[in-house]
Structure formats: structure tokens, C-alpha cells
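Right, one structure below, let's go through it.
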Amino acid sequence: MQRRSLRLTTLDDLASEANRVCQSAANGRVQSSGNWSPAQVLWHVGKLIELSVDGFPFCYRRGPVWAMRLLRWISWHALIALAFRPGFRNPPYAAVLEPDPALSLADGAAFLRHQLERIRRGERMTHACSVDGAYTHDEWVYIHLRHAELHLSFLVIENEPDSENRHDRR
């Protein structure tokens, strides 16, 4: 099964896509082409948002700090694309990002909705990234949208013509 292609431009797009996944999953029309259920994907996306608001309890070990800063300076978008590629597995010290396999769809979706609501209420994502330092709130929004695109792309909605997929890349 192939992944789907989607492009999220706002956090409202993310919320809409999460709702669409939930509705489709409730009707038995979502297949995962990855390792996680829809519930796990939604929770995981929400967890990264939570950490960007509240702070990270770990720091990824990614080589020399100067190399990451240089890559960030040369091409920040390339750095984000490198970070959010299929097949990446979190190391054991980042286990806080791993969803419970028994998580219900309702709980995964509620967790993501709660994190998005925090942002809507004005909480800012200002904590240092677990990779290469501080980001602005707007940079965090960009990061979360790319992260969500990656994980949601593994959730294929059955019987959905491309013309109905509002977030498809054209």
C-alpha cells in the first residue's frame, strides 16, 4: 500500500485532517501503510506539539552542534526534511514520543485536539528543539505541519477520490 500525499498549510488544516481521519476510521475506511494505528499517529503528532510548548526531556544526539547549526543556516527547510523522513526510529532515550499500542482513537484524537487548543488559546511554542536549539513559534508551526504530513501520509483513506482530498499536493 502506498502512502498518500498531502500538504498542510495551517494548524486548522491539521485539525481538519485529524477530524477527517477520525471520521473515516470510525467508518472502517482507514488503512495504515506504516507501523502505527490512526490513534497512535494522532497522539504522536500531539505529543511533539506538547513538548514544543512545555519543553523536551531529552536531546537527540546528532553529531557536532556546529554541523547542525551550519546546516540550519544554509538551509533550514533541508534540515527539517532530513529530520522528518520515513523510516526514522526514535532512540530509547526519546521513548516519551512513542505511543501506546493500546491507545484508543478517541484518546489519541482528544490529545491532539487538546494540544491544538492550547495554541489557539495563545500558548506559544518557544522551547528549544531537542536537536539544534531554539525556534520561533512560527518555525515550530512549520515543523509540526511537516511532521504531521509525514505521519498522516501513512494513513490511507479508502474510497476517497483525489478531488475530495483537500490537502493533496497538486
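We label chains A, B, ... in the order they appear in the C-alpha cells, count residues from 1 in each chain, and number ligands from 1 in the order shown.
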Within 10 Å of stretch 132-155 of chain A, which residues of stretch 10-122 of chain A show up? Give each one with its shortest atom-to-atom distance in Å (one decimal) and the two atoms involved, counting only C-alpha atoms, rows by chain then rising residue number, as JSON lines.
```
{"residue": "A:Thr10", "atom": "CA", "partner": "A:Leu145", "partner_atom": "CA", "distance": 7.2}
{"residue": "A:Leu11", "atom": "CA", "partner": "A:Leu145", "partner_atom": "CA", "distance": 7.1}
{"residue": "A:Asp13", "atom": "CA", "partner": "A:Leu145", "partner_atom": "CA", "distance": 8.8}
{"residue": "A:Leu14", "atom": "CA", "partner": "A:Leu145", "partner_atom": "CA", "distance": 7.1}
{"residue": "A:Glu17", "atom": "CA", "partner": "A:Leu152", "partner_atom": "CA", "distance": 8.4}
{"residue": "A:Ala18", "atom": "CA", "partner": "A:Leu152", "partner_atom": "CA", "distance": 8.4}
{"residue": "A:Val21", "atom": "CA", "partner": "A:Leu155", "partner_atom": "CA", "distance": 7.8}
{"residue": "A:Ala25", "atom": "CA", "partner": "A:Leu155", "partner_atom": "CA", "distance": 9.5}
{"residue": "A:Arg29", "atom": "CA", "partner": "A:Leu155", "partner_atom": "CA", "distance": 9.8}
{"residue": "A:Val30", "atom": "CA", "partner": "A:Leu155", "partner_atom": "CA", "distance": 6.2}
{"residue": "A:Gln31", "atom": "CA", "partner": "A:Leu155", "partner_atom": "CA", "distance": 5.8}
{"residue": "A:Ser32", "atom": "CA", "partner": "A:Leu155", "partner_atom": "CA", "distance": 4.6}
{"residue": "A:Ser33", "atom": "CA", "partner": "A:Phe154", "partner_atom": "CA", "distance": 5.0}
{"residue": "A:Gly34", "atom": "CA", "partner": "A:Phe154", "partner_atom": "CA", "distance": 5.4}
{"residue": "A:Asn35", "atom": "CA", "partner": "A:Phe154", "partner_atom": "CA", "distance": 8.6}
{"residue": "A:Trp36", "atom": "CA", "partner": "A:Phe154", "partner_atom": "CA", "distance": 8.5}
{"residue": "A:Ser37", "atom": "CA", "partner": "A:Leu155", "partner_atom": "CA", "distance": 8.0}
{"residue": "A:Pro38", "atom": "CA", "partner": "A:Leu155", "partner_atom": "CA", "distance": 6.7}
{"residue": "A:Gln40", "atom": "CA", "partner": "A:His151", "partner_atom": "CA", "distance": 9.7}
{"residue": "A:Val41", "atom": "CA", "partner": "A:His151", "partner_atom": "CA", "distance": 6.2}
{"residue": "A:Leu42", "atom": "CA", "partner": "A:Leu152", "partner_atom": "CA", "distance": 8.1}
{"residue": "A:His44", "atom": "CA", "partner": "A:His151", "partner_atom": "CA", "distance": 8.7}
{"residue": "A:Val45", "atom": "CA", "partner": "A:Ala148", "partner_atom": "CA", "distance": 5.9}
{"residue": "A:Gly46", "atom": "CA", "partner": "A:His144", "partner_atom": "CA", "distance": 9.0}
{"residue": "A:Leu48", "atom": "CA", "partner": "A:His144", "partner_atom": "CA", "distance": 7.6}
{"residue": "A:Ile49", "atom": "CA", "partner": "A:His144", "partner_atom": "CA", "distance": 6.8}
{"residue": "A:Ser52", "atom": "CA", "partner": "A:Trp140", "partner_atom": "CA", "distance": 7.4}
{"residue": "A:Val53", "atom": "CA", "partner": "A:His137", "partner_atom": "CA", "distance": 9.3}
{"residue": "A:Cys59", "atom": "CA", "partner": "A:Asp132", "partner_atom": "CA", "distance": 8.8}
{"residue": "A:Tyr60", "atom": "CA", "partner": "A:Asp132", "partner_atom": "CA", "distance": 8.7}
{"residue": "A:Arg61", "atom": "CA", "partner": "A:Asp132", "partner_atom": "CA", "distance": 9.7}
{"residue": "A:Arg62", "atom": "CA", "partner": "A:Asp132", "partner_atom": "CA", "distance": 8.8}
{"residue": "A:Pro64", "atom": "CA", "partner": "A:Asp132", "partner_atom": "CA", "distance": 9.9}
{"residue": "A:Val65", "atom": "CA", "partner": "A:Asp132", "partner_atom": "CA", "distance": 6.9}
{"residue": "A:Trp66", "atom": "CA", "partner": "A:Asp132", "partner_atom": "CA", "distance": 9.2}
{"residue": "A:Ala67", "atom": "CA", "partner": "A:Asp132", "partner_atom": "CA", "distance": 9.7}
{"residue": "A:Met68", "atom": "CA", "partner": "A:Asp132", "partner_atom": "CA", "distance": 6.4}
{"residue": "A:Arg69", "atom": "CA", "partner": "A:Asp132", "partner_atom": "CA", "distance": 6.7}
{"residue": "A:Arg72", "atom": "CA", "partner": "A:Asp132", "partner_atom": "CA", "distance": 8.4}
{"residue": "A:Trp76", "atom": "CA", "partner": "A:Glu139", "partner_atom": "CA", "distance": 9.7}
{"residue": "A:His77", "atom": "CA", "partner": "A:Ile143", "partner_atom": "CA", "distance": 9.2}
{"residue": "A:Ile80", "atom": "CA", "partner": "A:Ile143", "partner_atom": "CA", "distance": 6.9}
{"residue": "A:Ala81", "atom": "CA", "partner": "A:Arg146", "partner_atom": "CA", "distance": 8.0}
{"residue": "A:Ala83", "atom": "CA", "partner": "A:His147", "partner_atom": "CA", "distance": 8.9}
{"residue": "A:Phe84", "atom": "CA", "partner": "A:His147", "partner_atom": "CA", "distance": 6.1}
{"residue": "A:Arg85", "atom": "CA", "partner": "A:Leu150", "partner_atom": "CA", "distance": 7.3}
{"residue": "A:Pro86", "atom": "CA", "partner": "A:Leu150", "partner_atom": "CA", "distance": 7.2}
{"residue": "A:Ile119", "atom": "CA", "partner": "A:Val141", "partner_atom": "CA", "distance": 9.8}
```
Restricting the output to C-alpha atoms, write the selected residues as a PDB file, in the first residue's frame.
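Result saved to result-v9.pdb:
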```
ATOM      1  CA  THR A  10      -2.121  25.833   8.772  1.00  0.00           C
ATOM      2  CA  LEU A  11      -2.830  24.264  12.137  1.00  0.00           C
ATOM      3  CA  ASP A  13      -5.674  22.222   8.191  1.00  0.00           C
ATOM      4  CA  LEU A  14      -4.095  19.787  10.639  1.00  0.00           C
ATOM      5  CA  GLU A  17      -7.303  16.411   8.569  1.00  0.00           C
ATOM      6  CA  ALA A  18      -7.311  14.801  12.022  1.00  0.00           C
ATOM      7  CA  VAL A  21      -9.069  10.630   9.671  1.00  0.00           C
ATOM      8  CA  ALA A  25     -11.519   5.390  10.785  1.00  0.00           C
ATOM      9  CA  ARG A  29     -12.148   3.322   5.828  1.00  0.00           C
ATOM     10  CA  VAL A  30      -8.588   3.988   7.048  1.00  0.00           C
ATOM     11  CA  GLN A  31      -5.717   1.623   6.374  1.00  0.00           C
ATOM     12  CA  SER A  32      -2.285   2.213   7.827  1.00  0.00           C
ATOM     13  CA  SER A  33       0.606   1.637   5.447  1.00  0.00           C
ATOM     14  CA  GLY A  34       3.011   2.189   8.338  1.00  0.00           C
ATOM     15  CA  ASN A  35       3.627   0.778  11.787  1.00  0.00           C
ATOM     16  CA  TRP A  36       1.132   2.859  13.759  1.00  0.00           C
ATOM     17  CA  SER A  37      -2.639   2.976  14.026  1.00  0.00           C
ATOM     18  CA  PRO A  38      -4.532   6.231  13.401  1.00  0.00           C
ATOM     19  CA  GLN A  40      -1.053   6.340  17.632  1.00  0.00           C
ATOM     20  CA  VAL A  41      -0.323   8.763  14.781  1.00  0.00           C
ATOM     21  CA  LEU A  42      -2.651  11.444  16.156  1.00  0.00           C
ATOM     22  CA  HIS A  44       2.349  11.205  18.464  1.00  0.00           C
ATOM     23  CA  VAL A  45       1.736  14.384  16.447  1.00  0.00           C
ATOM     24  CA  GLY A  46       0.117  15.914  19.529  1.00  0.00           C
ATOM     25  CA  LEU A  48       5.579  16.688  19.708  1.00  0.00           C
ATOM     26  CA  ILE A  49       3.384  19.799  19.896  1.00  0.00           C
ATOM     27  CA  SER A  52       7.454  22.268  21.943  1.00  0.00           C
ATOM     28  CA  VAL A  53       5.204  24.129  24.397  1.00  0.00           C
ATOM     29  CA  CYS A  59      18.110  15.863  23.434  1.00  0.00           C
ATOM     30  CA  TYR A  60      18.805  13.954  20.224  1.00  0.00           C
ATOM     31  CA  ARG A  61      22.455  13.145  19.694  1.00  0.00           C
ATOM     32  CA  ARG A  62      23.038  14.129  16.074  1.00  0.00           C
ATOM     33  CA  PRO A  64      28.563  18.082  16.205  1.00  0.00           C
ATOM     34  CA  VAL A  65      26.375  21.026  17.165  1.00  0.00           C
ATOM     35  CA  TRP A  66      28.310  23.255  14.766  1.00  0.00           C
ATOM     36  CA  ALA A  67      27.353  20.959  11.852  1.00  0.00           C
ATOM     37  CA  MET A  68      23.636  21.164  12.693  1.00  0.00           C
ATOM     38  CA  ARG A  69      23.832  24.932  13.074  1.00  0.00           C
ATOM     39  CA  ARG A  72      20.279  25.137   9.667  1.00  0.00           C
ATOM     40  CA  TRP A  76      16.624  25.282   7.412  1.00  0.00           C
ATOM     41  CA  HIS A  77      13.999  23.571   5.228  1.00  0.00           C
ATOM     42  CA  ILE A  80      13.536  19.756   8.610  1.00  0.00           C
ATOM     43  CA  ALA A  81      13.176  17.455   5.590  1.00  0.00           C
ATOM     44  CA  ALA A  83      14.582  15.160  10.297  1.00  0.00           C
ATOM     45  CA  PHE A  84      11.160  14.042   9.008  1.00  0.00           C
ATOM     46  CA  ARG A  85      11.885  11.193   6.658  1.00  0.00           C
ATOM     47  CA  PRO A  86      10.141   7.818   6.544  1.00  0.00           C
ATOM     48  CA  ILE A 119      -2.073  27.003  20.717  1.00  0.00           C
TER      49      ILE A 119
END
```
TODO: Output as a ChimeraX atom specification all residues of chain A that backbone DSSP marks as helix (DSSP H, G or I).
DONE: /A:11-26,38-54,65-74,76-83,92-97,105-120,137-152,162-164
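The shell of residues at most 7 Å from A:Lys47, with only C-alpha atoms counted and near chain neighbours (fewer than 4 positions) removed, consists of Trp43, Leu51 and Leu97 of chain A.
Interatomic distance, atom CA of A:Ser104 to atom CA of A:Gln23: 13.8 Å.
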TODO: Tell me, in Å to one decimal, how far atom CA of A:Ala39 is from atom CA of A:Val96.
DONE: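 Going from atom CA of A:Ala39 over to atom CA of A:Val96 covers 15.9 Å.
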